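Everything below belongs to model.tsv, which stores TSV, C-alpha atoms and all ligand atoms.
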chain	number	residue	atom	x	y	z
M	1	MET	CA	134.64	59.81	125.65
M	2	ILE	CA	133.55	61.25	128.99
M	3	ILE	CA	129.95	60.63	130.04
M	4	PHE	CA	128.15	63.12	132.27
M	5	LYS	CA	124.77	62.58	133.90
M	6	GLN	CA	124.78	65.65	136.14
M	7	ILE	CA	124.41	69.23	134.90
M	8	GLN	CA	126.82	70.67	137.47
M	9	THR	CA	129.74	68.37	136.66
M	10	LEU	CA	129.25	68.92	132.93
M	11	GLU	CA	129.19	72.70	133.40
M	12	ASN	CA	132.42	72.57	135.46
M	13	HIS	CA	134.13	70.49	132.78
M	14	LEU	CA	132.98	72.81	129.96
M	15	LYS	CA	134.20	75.85	131.90
M	16	THR	CA	137.71	74.37	132.01
M	17	LEU	CA	137.59	73.56	128.29
M	18	ARG	CA	136.43	77.05	127.41
M	19	LYS	CA	139.22	78.56	129.53
M	20	GLY	CA	141.63	76.47	127.49
M	21	GLY	CA	140.29	78.15	124.33
M	22	LYS	CA	138.28	75.18	123.00
M	23	THR	CA	135.22	75.82	120.85
M	24	ILE	CA	132.25	73.59	121.61
M	25	GLY	CA	130.06	71.86	119.03
M	26	PHE	CA	126.76	70.46	120.29
M	27	ILE	CA	124.42	67.82	118.86
M	28	PRO	CA	121.24	67.25	120.88
M	29	THR	CA	119.58	63.89	120.14
M	30	MET	CA	117.02	61.47	121.52
M	31	GLY	CA	119.36	58.51	120.99
M	32	ALA	CA	118.78	55.42	118.83
M	33	LEU	CA	121.63	56.87	116.81
M	34	HIS	CA	122.06	56.31	113.08
M	35	LYS	CA	124.18	57.66	110.23
M	36	GLY	CA	122.11	60.86	110.12
M	37	HIS	CA	123.26	61.70	113.65
M	38	VAL	CA	126.80	60.64	112.77
M	39	SER	CA	126.86	63.16	109.88
M	40	LEU	CA	126.19	65.89	112.47
M	41	PHE	CA	129.07	64.69	114.74
M	42	ASN	CA	131.40	64.66	111.75
M	43	ARG	CA	130.51	68.21	110.84
M	44	SER	CA	131.05	69.30	114.45
M	45	LYS	CA	134.40	67.49	114.62
M	46	LYS	CA	135.54	69.38	111.52
M	47	GLU	CA	134.48	72.77	112.86
M	48	CYS	CA	134.87	72.64	116.65
M	49	GLY	CA	137.56	71.74	119.18
M	50	VAL	CA	135.20	69.66	121.30
M	51	THR	CA	132.12	67.71	120.19
M	52	LEU	CA	129.38	67.12	122.73
M	53	CYS	CA	126.33	64.98	122.12
M	54	SER	CA	123.31	64.73	124.41
M	55	ILE	CA	120.89	61.84	124.57
M	56	PHE	CA	117.58	62.64	126.22
M	57	VAL	CA	114.16	61.36	125.23
M	58	ASN	CA	112.25	64.47	126.22
M	59	PRO	CA	108.79	63.63	127.62
M	60	THR	CA	107.38	67.14	127.11
M	61	GLN	CA	107.64	67.04	123.31
M	62	PHE	CA	105.55	63.90	122.86
M	63	ASN	CA	101.88	64.75	122.52
M	64	ASP	CA	101.17	61.04	122.14
M	65	LYS	CA	102.11	59.01	125.23
M	66	ALA	CA	102.16	55.74	123.30
M	67	ASP	CA	104.67	57.25	120.88
M	68	PHE	CA	106.88	58.24	123.84
M	69	ASN	CA	106.65	54.76	125.37
M	70	ARG	CA	107.47	53.12	122.04
M	71	TYR	CA	110.45	55.40	121.27
M	72	PRO	CA	113.45	53.09	120.61
M	73	ILE	CA	116.16	53.20	123.33
M	74	ASN	CA	119.53	51.46	123.08
M	75	ILE	CA	122.02	53.37	125.16
M	76	ASP	CA	124.78	50.71	125.08
M	77	ARG	CA	124.78	50.69	121.27
M	78	ASP	CA	124.64	54.52	121.22
M	79	ILE	CA	127.69	54.77	123.52
M	80	GLU	CA	129.51	52.35	121.22
M	81	ILE	CA	128.69	54.47	118.14
M	82	LEU	CA	129.67	57.72	119.85
M	83	SER	CA	133.01	56.28	121.04
M	84	GLU	CA	133.76	54.85	117.59
M	85	GLU	CA	132.94	58.17	115.95
M	86	GLY	CA	135.25	60.08	118.27
M	87	CYS	CA	132.63	62.08	120.18
M	88	ASP	CA	134.38	63.79	123.13
M	89	ILE	CA	131.53	64.19	125.59
M	90	LEU	CA	128.15	62.52	126.09
M	91	PHE	CA	125.53	64.21	128.26
M	92	PHE	CA	122.98	61.62	129.30
M	93	PRO	CA	120.79	63.12	132.03
M	94	SER	CA	117.74	61.63	133.75
M	95	VAL	CA	114.27	63.17	133.52
M	96	GLU	CA	114.63	64.31	137.18
M	97	GLU	CA	117.93	66.04	136.39
M	98	MET	CA	116.39	68.02	133.51
M	99	TYR	CA	113.01	68.67	135.14
M	100	PRO	CA	113.65	68.85	138.92
M	101	ARG	CA	110.61	71.08	139.41
M	102	GLY	CA	108.24	69.29	137.06
M	103	PHE	CA	107.33	69.79	133.43
M	104	GLU	CA	105.60	73.17	133.61
M	105	ASN	CA	107.08	75.77	131.26
M	106	LYS	CA	106.75	79.22	132.82
M	107	SER	CA	108.52	81.22	130.13
M	108	LYS	CA	107.09	79.82	126.91
M	109	ILE	CA	108.18	81.58	123.74
M	110	ASP	CA	105.47	82.45	121.24
M	111	PHE	CA	106.75	81.32	117.84
M	112	GLY	CA	103.47	82.28	116.17
M	113	PHE	CA	102.46	80.68	112.89
M	114	LEU	CA	105.80	78.87	112.57
M	115	ALA	CA	104.90	76.59	115.47
M	116	GLN	CA	101.19	76.33	114.74
M	117	THR	CA	101.27	74.97	111.21
M	118	LEU	CA	102.21	71.51	109.81
M	119	GLU	CA	103.86	69.58	112.69
M	120	GLY	CA	102.45	72.12	115.14
M	121	GLU	CA	98.95	71.40	113.91
M	122	HIS	CA	99.33	67.62	113.92
M	123	ARG	CA	101.37	67.34	117.12
M	124	PRO	CA	99.92	69.99	119.47
M	125	GLY	CA	102.41	71.03	122.15
M	126	HIS	CA	105.31	69.31	120.42
M	127	PHE	CA	107.27	72.47	119.64
M	128	ASN	CA	106.72	73.98	123.10
M	129	GLY	CA	108.25	70.85	124.60
M	130	MET	CA	111.06	70.78	122.05
M	131	ALA	CA	111.90	74.47	122.58
M	132	GLN	CA	111.74	74.00	126.37
M	133	ILE	CA	114.39	71.25	126.35
M	134	VAL	CA	116.59	72.80	123.65
M	135	GLU	CA	116.68	76.09	125.59
M	136	LYS	CA	117.60	74.24	128.81
M	137	LEU	CA	120.33	72.32	127.00
M	138	LEU	CA	121.70	75.43	125.25
M	139	LYS	CA	121.90	77.27	128.59
M	140	ILE	CA	123.84	74.37	130.11
M	141	VAL	CA	126.19	73.66	127.21
M	142	ARG	CA	126.52	77.22	125.80
M	143	PRO	CA	127.90	75.82	122.54
M	144	ASP	CA	129.64	77.90	119.90
M	145	GLU	CA	127.88	75.85	117.24
M	146	LEU	CA	124.69	73.81	117.35
M	147	PHE	CA	124.30	71.11	114.69
M	148	MET	CA	120.80	70.07	113.65
M	149	GLY	CA	119.35	68.18	110.70
M	150	GLN	CA	117.35	69.52	107.76
M	151	LYS	CA	115.34	66.31	108.20
M	152	ASP	CA	113.38	68.10	110.96
M	153	TYR	CA	112.87	71.19	108.85
M	154	GLN	CA	110.34	73.04	110.98
M	155	GLN	CA	112.28	72.22	114.15
M	156	GLN	CA	115.46	73.90	112.91
M	157	LEU	CA	113.50	77.01	111.87
M	158	ILE	CA	112.01	77.23	115.36
M	159	VAL	CA	115.38	76.69	117.06
M	160	SER	CA	116.82	79.46	114.92
M	161	GLN	CA	114.03	81.75	116.25
M	162	LEU	CA	114.68	80.56	119.80
M	163	ILE	CA	118.35	81.52	119.51
M	164	LYS	CA	117.37	84.97	118.20
M	165	LYS	CA	114.63	85.62	120.74
M	166	ARG	CA	116.78	84.56	123.71
M	167	ARG	CA	119.85	86.30	122.24
M	168	LEU	CA	122.00	83.23	122.69
M	169	LYS	CA	125.55	83.28	121.42
M	170	THR	CA	125.23	80.06	119.47
M	171	GLU	CA	125.37	79.60	115.73
M	172	LEU	CA	122.91	77.11	114.29
M	173	VAL	CA	124.34	74.90	111.54
M	174	THR	CA	121.68	72.99	109.61
M	175	CYS	CA	123.09	69.84	108.00
M	176	PRO	CA	121.65	67.99	104.97
M	177	THR	CA	119.41	64.95	105.43
M	178	THR	CA	121.23	61.62	105.35
M	179	ARG	CA	119.31	59.01	103.36
M	180	GLU	CA	119.26	55.27	102.87
M	181	LYS	CA	120.43	54.09	99.43
M	182	ASP	CA	116.88	54.10	98.11
M	183	GLY	CA	116.26	57.64	99.36
M	184	LEU	CA	114.35	57.06	102.61
M	185	ALA	CA	115.41	59.69	105.16
M	186	MET	CA	117.21	58.00	108.05
M	187	SER	CA	115.22	58.16	111.27
M	188	SER	CA	115.26	56.42	114.64
M	189	ARG	CA	111.67	55.45	113.92
M	190	ASN	CA	112.61	53.44	110.80
M	191	VAL	CA	113.52	50.40	112.95
M	192	ARG	CA	109.83	50.09	113.77
M	193	LEU	CA	108.81	49.66	110.12
M	194	ASP	CA	108.00	46.09	109.14
M	195	LYS	CA	109.18	44.77	105.76
M	196	GLY	CA	106.11	45.91	103.81
M	197	SER	CA	106.04	49.34	105.44
M	198	ARG	CA	109.75	49.84	104.83
M	199	LYS	CA	109.22	49.15	101.13
M	200	LEU	CA	106.36	51.61	100.96
M	201	ALA	CA	108.23	54.30	102.94
M	202	VAL	CA	110.53	55.00	100.00
M	203	GLU	CA	107.57	56.59	98.17
M	204	ILE	CA	107.78	59.65	100.45
M	205	SER	CA	111.21	60.75	99.20
M	206	LYS	CA	110.37	59.59	95.67
M	207	THR	CA	107.34	61.88	95.62
M	208	LEU	CA	109.29	64.83	97.03
M	209	LYS	CA	111.99	64.30	94.42
M	210	LYS	CA	109.40	64.12	91.61
M	211	VAL	CA	107.88	67.41	92.76
M	212	LYS	CA	111.34	69.00	92.68
M	213	LEU	CA	111.90	67.69	89.15
M	214	LYS	CA	108.52	68.96	87.98
M	215	ILE	CA	109.26	72.41	89.41
M	216	GLU	CA	112.59	72.44	87.60
M	217	ASN	CA	110.78	71.71	84.36
M	218	ARG	CA	108.53	74.70	85.08
M	219	THR	CA	105.35	72.89	84.16
M	220	PRO	CA	102.50	72.89	86.70
M	221	SER	CA	101.38	75.52	89.21
M	222	ILE	CA	102.22	75.18	92.92
M	223	LYS	CA	98.62	74.18	93.62
M	224	GLN	CA	98.78	71.45	90.97
M	225	LEU	CA	102.11	70.22	92.30
M	226	GLN	CA	100.79	70.05	95.84
M	227	GLU	CA	97.76	68.13	94.66
M	228	TYR	CA	100.00	65.82	92.65
M	229	GLY	CA	102.15	64.98	95.71
M	230	LEU	CA	99.15	64.52	97.96
M	231	LYS	CA	97.37	62.31	95.45
M	232	ARG	CA	100.45	60.19	94.75
M	233	LEU	CA	100.95	59.40	98.44
M	234	SER	CA	97.28	59.14	99.41
M	235	GLY	CA	96.76	56.69	96.56
M	236	LEU	CA	99.03	54.16	98.24
M	237	LYS	CA	97.25	51.59	100.33
M	238	GLU	CA	98.45	51.45	103.98
M	239	MET	CA	99.76	55.01	103.78
M	240	GLU	CA	97.93	57.65	105.80
M	241	VAL	CA	98.97	61.14	104.70
M	242	GLU	CA	98.83	63.85	107.38
M	243	TYR	CA	100.04	66.57	105.03
M	244	PHE	CA	101.88	67.22	101.81
M	245	GLU	CA	102.53	70.93	101.43
M	246	ILE	CA	104.69	73.32	99.45
M	247	ARG	CA	105.55	76.34	101.59
M	248	ASN	CA	107.84	79.34	101.89
M	249	ALA	CA	111.17	77.92	103.07
M	250	LEU	CA	111.69	80.54	105.81
M	251	THR	CA	108.21	81.30	107.14
M	252	LEU	CA	106.38	78.07	106.18
M	253	LYS	CA	103.51	80.25	104.99
M	254	PRO	CA	101.65	79.24	101.82
M	255	LEU	CA	103.38	80.56	98.71
M	256	LYS	CA	102.21	83.74	97.03
M	257	SER	CA	104.51	83.38	94.05
M	258	LYS	CA	106.64	80.70	92.43
M	259	SER	CA	109.78	82.81	92.83
M	260	GLU	CA	109.80	82.50	96.66
M	261	LYS	CA	112.34	80.12	98.18
M	262	SER	CA	110.23	77.04	98.81
M	263	VAL	CA	110.21	73.62	100.43
M	264	ALA	CA	107.94	70.59	100.05
M	265	LEU	CA	107.13	68.90	103.36
M	266	ALA	CA	105.37	65.63	104.07
M	267	ALA	CA	104.18	63.69	107.11
M	268	VAL	CA	102.70	60.22	106.78
M	269	LYS	CA	101.84	57.25	108.93
M	270	ILE	CA	102.67	53.75	107.71
M	271	GLY	CA	101.71	50.77	109.86
M	272	GLY	CA	101.44	53.03	112.91
M	273	VAL	CA	104.87	54.64	112.38
M	274	ARG	CA	104.89	58.38	111.75
M	275	LEU	CA	107.51	59.60	109.27
M	276	ILE	CA	108.40	63.10	108.05
M	277	ASP	CA	110.58	64.31	105.20
M	278	ASN	CA	111.13	67.43	103.11
M	279	TRP	CA	112.85	68.69	99.97
M	280	LEU	CA	114.09	72.20	99.18
M	281	LEU	CA	112.70	73.16	95.78
M	282	ASN	CA	114.84	76.09	94.68
M	301	LIG	P1	116.50	63.04	116.99
M	301	LIG	O1	117.38	62.11	117.75
M	301	LIG	O2	115.60	62.36	116.02
M	301	LIG	O3	115.81	64.04	117.87
M	301	LIG	O4	117.47	63.89	116.06
M	301	LIG	C1	118.57	64.59	116.58
M	301	LIG	C2	119.14	65.47	115.49
M	301	LIG	O5	119.54	64.66	114.39
M	301	LIG	C3	118.12	66.49	114.94
M	301	LIG	O6	118.76	67.72	114.71
M	301	LIG	C4	117.68	65.84	113.66
M	301	LIG	O7	117.22	66.75	112.69
M	301	LIG	C5	118.97	65.16	113.21
M	301	LIG	N1	118.67	64.08	112.27
M	301	LIG	C6	117.78	63.06	112.43
M	301	LIG	N2	117.74	62.29	111.32
M	301	LIG	C7	118.61	62.84	110.44
M	301	LIG	C8	119.00	62.53	109.10
M	301	LIG	N3	118.50	61.48	108.45
M	301	LIG	N4	119.93	63.31	108.50
M	301	LIG	C9	120.45	64.39	109.15
M	301	LIG	N5	120.11	64.75	110.41
M	301	LIG	C10	119.21	63.99	111.04

Here is the file; what I need is its structure written in the form of structure tokens.
Ligand code: AMP
Amino acid sequence: MIIFKQIQTLENHLKTLRKGGKTIGFIPTMGALHKGHVSLFNRSKKECGVTLCSIFVNPTQFNDKADFNRYPINIDRDIEILSEEGCDILFFPSVEEMYPRGFENKSKIDFGFLAQTLEGEHRPGHFNGMAQIVEKLLKIVRPDELFMGQKDYQQQLIVSQLIKKRRLKTELVTCPTTREKDGLAMSSRNVRLDKGSRKLAVEISKTLKKVKLKIENRTPSIKQLQEYGLKRLSGLKEMEVEYFEIRNALTLKPLKSKSEKSVALAAVKIGGVRLIDNWLLN
């Protein structure tokens, strides 16, 4: 695996690869890699000639400074995982390399409601920061395919809009959420859960799954289902629910009818650790 820290040297290398007819698969990450990330590399390796992963904990997408400071970093372990998994290129830039002229974003895209609701409401500025770094990375890497996880449902919808609005020649491939055996969605933040919190965390996916089952059995209304999910999670001591919502799977707007393609999304805090998960319902 070749590691690049500078944009210019990476761009030169990619130019040569492209000239040689290689297609480029790209997986942007914030490190602290786990099997969820690995599932994205594997998909890229199947579909593209070259697989490139970036590790960059992006300061502009953290609305909470303490959350940024606490974000788990283990670059040696990450390099080991990437080498073992057969990743071809790692891009591991510094903050100065990515933001040489400071953090200000002069050409912000307006994603409208999509970026204002759910995560956008609870983490103000998060999606502006995320879109700012993803756009920078996409302009550097110019990948044929971009692999992202369904785990961050709203994020992949916004990135899909970003690609459209900027007319980038990249195809977004959204990959299914990788879960622990008990159903908890894998996340870099899970390492911060203590034993009790880890046990409780499984209730998020359990609740989402129950909602999906109930919808399959055609019993309650969407409103009742939403209330059921919210109540089930809020009833658990130590769990602070930020939202539990059933929304249109493409626009994230509240549903007008049961026949719309829909997704249940949840965000909770357990013992100071913020976790999100979602489940497609139809
Ligand atoms: P992160 O390092 O958390 O920013 O995530 C980098 C990429 O990995 C994003 O596209 C995430 O959606 C994806 N990802 C994170 N966790 C999982 C998971 N459990 N399953 C699949 N993809 C994931």

> Do you know which residues are at most 8 Å from Thr207 of chain M counting all atoms listed in the file, after dropping those on the same chain fewer than 4 positions away, and could you put them as a PyMOL selection string?
Replying inline: chain M and resi 203+211+229+232-233

>> Let me see if you get this right: every residue at most 10 Å from ligand LIG 301 (chain M), counting all atoms listed in the file, written as a PyMOL selection string.
In response: chain M and resi 27-41+53-58+130+146-156+159+173-180+184-189+276-277

Saved selection, atoms kept: C-alpha atoms, as a PDB file, keeping the file's coordinate frame:
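File written: part_30.pdb
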ATOM      1  CA  ILE M  27     124.420  67.820 118.860  1.00  0.00           C
ATOM      2  CA  PRO M  28     121.240  67.250 120.880  1.00  0.00           C
ATOM      3  CA  THR M  29     119.580  63.890 120.140  1.00  0.00           C
ATOM      4  CA  MET M  30     117.020  61.470 121.520  1.00  0.00           C
ATOM      5  CA  GLY M  31     119.360  58.510 120.990  1.00  0.00           C
ATOM      6  CA  ALA M  32     118.780  55.420 118.830  1.00  0.00           C
ATOM      7  CA  LEU M  33     121.630  56.870 116.810  1.00  0.00           C
ATOM      8  CA  HIS M  34     122.060  56.310 113.080  1.00  0.00           C
ATOM      9  CA  LYS M  35     124.180  57.660 110.230  1.00  0.00           C
ATOM     10  CA  GLY M  36     122.110  60.860 110.120  1.00  0.00           C
ATOM     11  CA  HIS M  37     123.260  61.700 113.650  1.00  0.00           C
ATOM     12  CA  VAL M  38     126.800  60.640 112.770  1.00  0.00           C
ATOM     13  CA  SER M  39     126.860  63.160 109.880  1.00  0.00           C
ATOM     14  CA  LEU M  40     126.190  65.890 112.470  1.00  0.00           C
ATOM     15  CA  PHE M  41     129.070  64.690 114.740  1.00  0.00           C
ATOM     16  CA  CYS M  53     126.330  64.980 122.120  1.00  0.00           C
ATOM     17  CA  SER M  54     123.310  64.730 124.410  1.00  0.00           C
ATOM     18  CA  ILE M  55     120.890  61.840 124.570  1.00  0.00           C
ATOM     19  CA  PHE M  56     117.580  62.640 126.220  1.00  0.00           C
ATOM     20  CA  VAL M  57     114.160  61.360 125.230  1.00  0.00           C
ATOM     21  CA  ASN M  58     112.250  64.470 126.220  1.00  0.00           C
ATOM     22  CA  MET M 130     111.060  70.780 122.050  1.00  0.00           C
ATOM     23  CA  LEU M 146     124.690  73.810 117.350  1.00  0.00           C
ATOM     24  CA  PHE M 147     124.300  71.110 114.690  1.00  0.00           C
ATOM     25  CA  MET M 148     120.800  70.070 113.650  1.00  0.00           C
ATOM     26  CA  GLY M 149     119.350  68.180 110.700  1.00  0.00           C
ATOM     27  CA  GLN M 150     117.350  69.520 107.760  1.00  0.00           C
ATOM     28  CA  LYS M 151     115.340  66.310 108.200  1.00  0.00           C
ATOM     29  CA  ASP M 152     113.380  68.100 110.960  1.00  0.00           C
ATOM     30  CA  TYR M 153     112.870  71.190 108.850  1.00  0.00           C
ATOM     31  CA  GLN M 154     110.340  73.040 110.980  1.00  0.00           C
ATOM     32  CA  GLN M 155     112.280  72.220 114.150  1.00  0.00           C
ATOM     33  CA  GLN M 156     115.460  73.900 112.910  1.00  0.00           C
ATOM     34  CA  VAL M 159     115.380  76.690 117.060  1.00  0.00           C
ATOM     35  CA  VAL M 173     124.340  74.900 111.540  1.00  0.00           C
ATOM     36  CA  THR M 174     121.680  72.990 109.610  1.00  0.00           C
ATOM     37  CA  CYS M 175     123.090  69.840 108.000  1.00  0.00           C
ATOM     38  CA  PRO M 176     121.650  67.990 104.970  1.00  0.00           C
ATOM     39  CA  THR M 177     119.410  64.950 105.430  1.00  0.00           C
ATOM     40  CA  THR M 178     121.230  61.620 105.350  1.00  0.00           C
ATOM     41  CA  ARG M 179     119.310  59.010 103.360  1.00  0.00           C
ATOM     42  CA  GLU M 180     119.260  55.270 102.870  1.00  0.00           C
ATOM     43  CA  LEU M 184     114.350  57.060 102.610  1.00  0.00           C
ATOM     44  CA  ALA M 185     115.410  59.690 105.160  1.00  0.00           C
ATOM     45  CA  MET M 186     117.210  58.000 108.050  1.00  0.00           C
ATOM     46  CA  SER M 187     115.220  58.160 111.270  1.00  0.00           C
ATOM     47  CA  SER M 188     115.260  56.420 114.640  1.00  0.00           C
ATOM     48  CA  ARG M 189     111.670  55.450 113.920  1.00  0.00           C
ATOM     49  CA  ILE M 276     108.400  63.100 108.050  1.00  0.00           C
ATOM     50  CA  ASP M 277     110.580  64.310 105.200  1.00  0.00           C
TER      51      ASP M 277
END

Quick one: everything within 12 Å of segment 103-114 of chain M, counting all atoms listed in the file, minus sequence neighbours fewer than 2 positions away in the same chain. Send it as a PDB file with C-alpha atoms, in the coordinates of the input.
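Contents of the output file result.pdb:
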ATOM      1  CA  ASN M  58     112.250  64.470 126.220  1.00  0.00           C
ATOM      2  CA  PRO M  59     108.790  63.630 127.620  1.00  0.00           C
ATOM      3  CA  THR M  60     107.380  67.140 127.110  1.00  0.00           C
ATOM      4  CA  GLN M  61     107.640  67.040 123.310  1.00  0.00           C
ATOM      5  CA  VAL M  95     114.270  63.170 133.520  1.00  0.00           C
ATOM      6  CA  GLU M  96     114.630  64.310 137.180  1.00  0.00           C
ATOM      7  CA  GLU M  97     117.930  66.040 136.390  1.00  0.00           C
ATOM      8  CA  MET M  98     116.390  68.020 133.510  1.00  0.00           C
ATOM      9  CA  TYR M  99     113.010  68.670 135.140  1.00  0.00           C
ATOM     10  CA  PRO M 100     113.650  68.850 138.920  1.00  0.00           C
ATOM     11  CA  ARG M 101     110.610  71.080 139.410  1.00  0.00           C
ATOM     12  CA  GLN M 116     101.190  76.330 114.740  1.00  0.00           C
ATOM     13  CA  THR M 117     101.270  74.970 111.210  1.00  0.00           C
ATOM     14  CA  LEU M 118     102.210  71.510 109.810  1.00  0.00           C
ATOM     15  CA  GLU M 119     103.860  69.580 112.690  1.00  0.00           C
ATOM     16  CA  GLY M 120     102.450  72.120 115.140  1.00  0.00           C
ATOM     17  CA  GLU M 121      98.950  71.400 113.910  1.00  0.00           C
ATOM     18  CA  GLY M 125     102.410  71.030 122.150  1.00  0.00           C
ATOM     19  CA  PHE M 127     107.270  72.470 119.640  1.00  0.00           C
ATOM     20  CA  ASN M 128     106.720  73.980 123.100  1.00  0.00           C
ATOM     21  CA  GLY M 129     108.250  70.850 124.600  1.00  0.00           C
ATOM     22  CA  MET M 130     111.060  70.780 122.050  1.00  0.00           C
ATOM     23  CA  ALA M 131     111.900  74.470 122.580  1.00  0.00           C
ATOM     24  CA  GLN M 132     111.740  74.000 126.370  1.00  0.00           C
ATOM     25  CA  ILE M 133     114.390  71.250 126.350  1.00  0.00           C
ATOM     26  CA  GLU M 135     116.680  76.090 125.590  1.00  0.00           C
ATOM     27  CA  LYS M 136     117.600  74.240 128.810  1.00  0.00           C
ATOM     28  CA  TYR M 153     112.870  71.190 108.850  1.00  0.00           C
ATOM     29  CA  GLN M 154     110.340  73.040 110.980  1.00  0.00           C
ATOM     30  CA  GLN M 155     112.280  72.220 114.150  1.00  0.00           C
ATOM     31  CA  GLN M 156     115.460  73.900 112.910  1.00  0.00           C
ATOM     32  CA  LEU M 157     113.500  77.010 111.870  1.00  0.00           C
ATOM     33  CA  ILE M 158     112.010  77.230 115.360  1.00  0.00           C
ATOM     34  CA  VAL M 159     115.380  76.690 117.060  1.00  0.00           C
ATOM     35  CA  SER M 160     116.820  79.460 114.920  1.00  0.00           C
ATOM     36  CA  GLN M 161     114.030  81.750 116.250  1.00  0.00           C
ATOM     37  CA  LEU M 162     114.680  80.560 119.800  1.00  0.00           C
ATOM     38  CA  ILE M 163     118.350  81.520 119.510  1.00  0.00           C
ATOM     39  CA  LYS M 164     117.370  84.970 118.200  1.00  0.00           C
ATOM     40  CA  LYS M 165     114.630  85.620 120.740  1.00  0.00           C
ATOM     41  CA  ARG M 166     116.780  84.560 123.710  1.00  0.00           C
ATOM     42  CA  ARG M 247     105.550  76.340 101.590  1.00  0.00           C
ATOM     43  CA  ASN M 248     107.840  79.340 101.890  1.00  0.00           C
ATOM     44  CA  ALA M 249     111.170  77.920 103.070  1.00  0.00           C
ATOM     45  CA  LEU M 250     111.690  80.540 105.810  1.00  0.00           C
ATOM     46  CA  THR M 251     108.210  81.300 107.140  1.00  0.00           C
ATOM     47  CA  LEU M 252     106.380  78.070 106.180  1.00  0.00           C
ATOM     48  CA  LYS M 253     103.510  80.250 104.990  1.00  0.00           C
ATOM     49  CA  PRO M 254     101.650  79.240 101.820  1.00  0.00           C
TER      50      PRO M 254
END

> Any idea what the distance is between atom CA of Thr23 of chain M and atom CA of Ser83 of chain M?
Replying inline: 19.7 Å

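Take the candidates M:Glu11, M:Glu47, M:Glu227, M:Asp88 and check each one against Leu138 of chain M using all atoms listed in the file; the shortest distance goes to M:Glu11.
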
As AutoDock Vina command-line options, what would the box around segment 236-248 of chain M look like: edges along x, y and z, 4 Å added on every side, centre and edge lengths in Å to one decimal?
--center_x 102.5 --center_y 65.4 --center_z 102.8 --size_x 18.6 --size_y 35.9 --size_z 17.1

> Just how far from atom CA of Lys223 of chain M is atom CA of Lys258 of chain M, in Å to one decimal?
Replying inline: 10.4 Å

> For the point (112.1, 50.8, 105.7) in file coordinates, what residues are within 12 Å, counting all atoms listed in the file? Give the answer as a VMD selection string?
Replying inline: chain M and resid 179 to 205 270 to 271 273 275

> Quick one, how far is atom CA of Asn74 of chain M from atom CA of Phe4 of chain M?
Replying inline: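 It comes out at 17.2 Å.
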
>> For a quick check of understanding, using only C-alpha atoms, which of M:Ser44, M:Phe92, M:His122, M:Phe26 has the smallest distance to Phe62 of chain M?
In response: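 The answer is M:His122, which sits nearest to Phe62 of chain M.
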
>> Can you pull out the residues contacting Ile3 of chain M? Cut-off 7 Å, using all atoms listed in the file, and skip same-chain residues under 6 positions away; I want them as a list in words.
In response: Ile89, Leu90 and Phe91 of chain M

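Distance annotation: of M:Thr170, M:His126, M:Gly235, M:Pro143, the residue with the minimal separation from Lys65 of chain M is M:His126; atom set is all atoms listed in the file.
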
>> So that I can check the surroundings of Phe244 of chain M, please list as a list in words every protein, DNA and RNA residue that reaches within 9 Å of it, counting all atoms listed in the file and ignoring chain neighbours fewer than 5 positions away.
In response: Gln226, Glu227, Gly229, Leu230, Leu233, Ala264, Leu265, Ala266, Ala267 and Val268 of chain M

> Between M:Glu238, M:Glu245, M:Thr16, M:Lys256, which has the minimum distance to Gly272 of chain M (counting only C-alpha atoms)?
Replying inline: M:Glu238

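With all atoms listed in the file taken into account, the protein and nucleic acid residues at most 6 Å from Glu145 of chain M (excluding it and anything under 3 positions from it in its own chain) are Gly25, Thr170, Glu171 and Leu172 of chain M.
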
Could you rebuild segment 96-101 of chain M with N, CA, C and O atoms and give it back as a short mmCIF file (atom, residue, chain, number, x, y, z; two decimals), in the coordinates of the input?
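Saved result, selection_30.cif, follows:
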data_model
loop_
_atom_site.label_atom_id
_atom_site.label_comp_id
_atom_site.auth_asym_id
_atom_site.auth_seq_id
_atom_site.Cartn_x
_atom_site.Cartn_y
_atom_site.Cartn_z
N GLU M 96 114.61 63.52 135.93
CA GLU M 96 114.63 64.31 137.18
C GLU M 96 115.71 65.40 137.12
O GLU M 96 115.54 66.49 137.65
N GLU M 97 116.84 65.06 136.48
CA GLU M 97 117.93 66.04 136.39
C GLU M 97 117.50 67.23 135.51
O GLU M 97 117.81 68.38 135.81
N MET M 98 116.78 66.94 134.43
CA MET M 98 116.39 68.02 133.51
C MET M 98 115.13 68.75 133.97
O MET M 98 114.93 69.91 133.63
N TYR M 99 114.25 68.04 134.69
CA TYR M 99 113.01 68.67 135.14
C TYR M 99 112.84 68.49 136.67
O TYR M 99 111.89 67.84 137.10
N PRO M 100 113.73 69.07 137.47
CA PRO M 100 113.65 68.85 138.92
C PRO M 100 112.38 69.45 139.52
O PRO M 100 111.93 69.00 140.57
N ARG M 101 111.82 70.45 138.86
CA ARG M 101 110.61 71.08 139.41
C ARG M 101 109.37 70.79 138.57
O ARG M 101 108.44 71.58 138.51
#
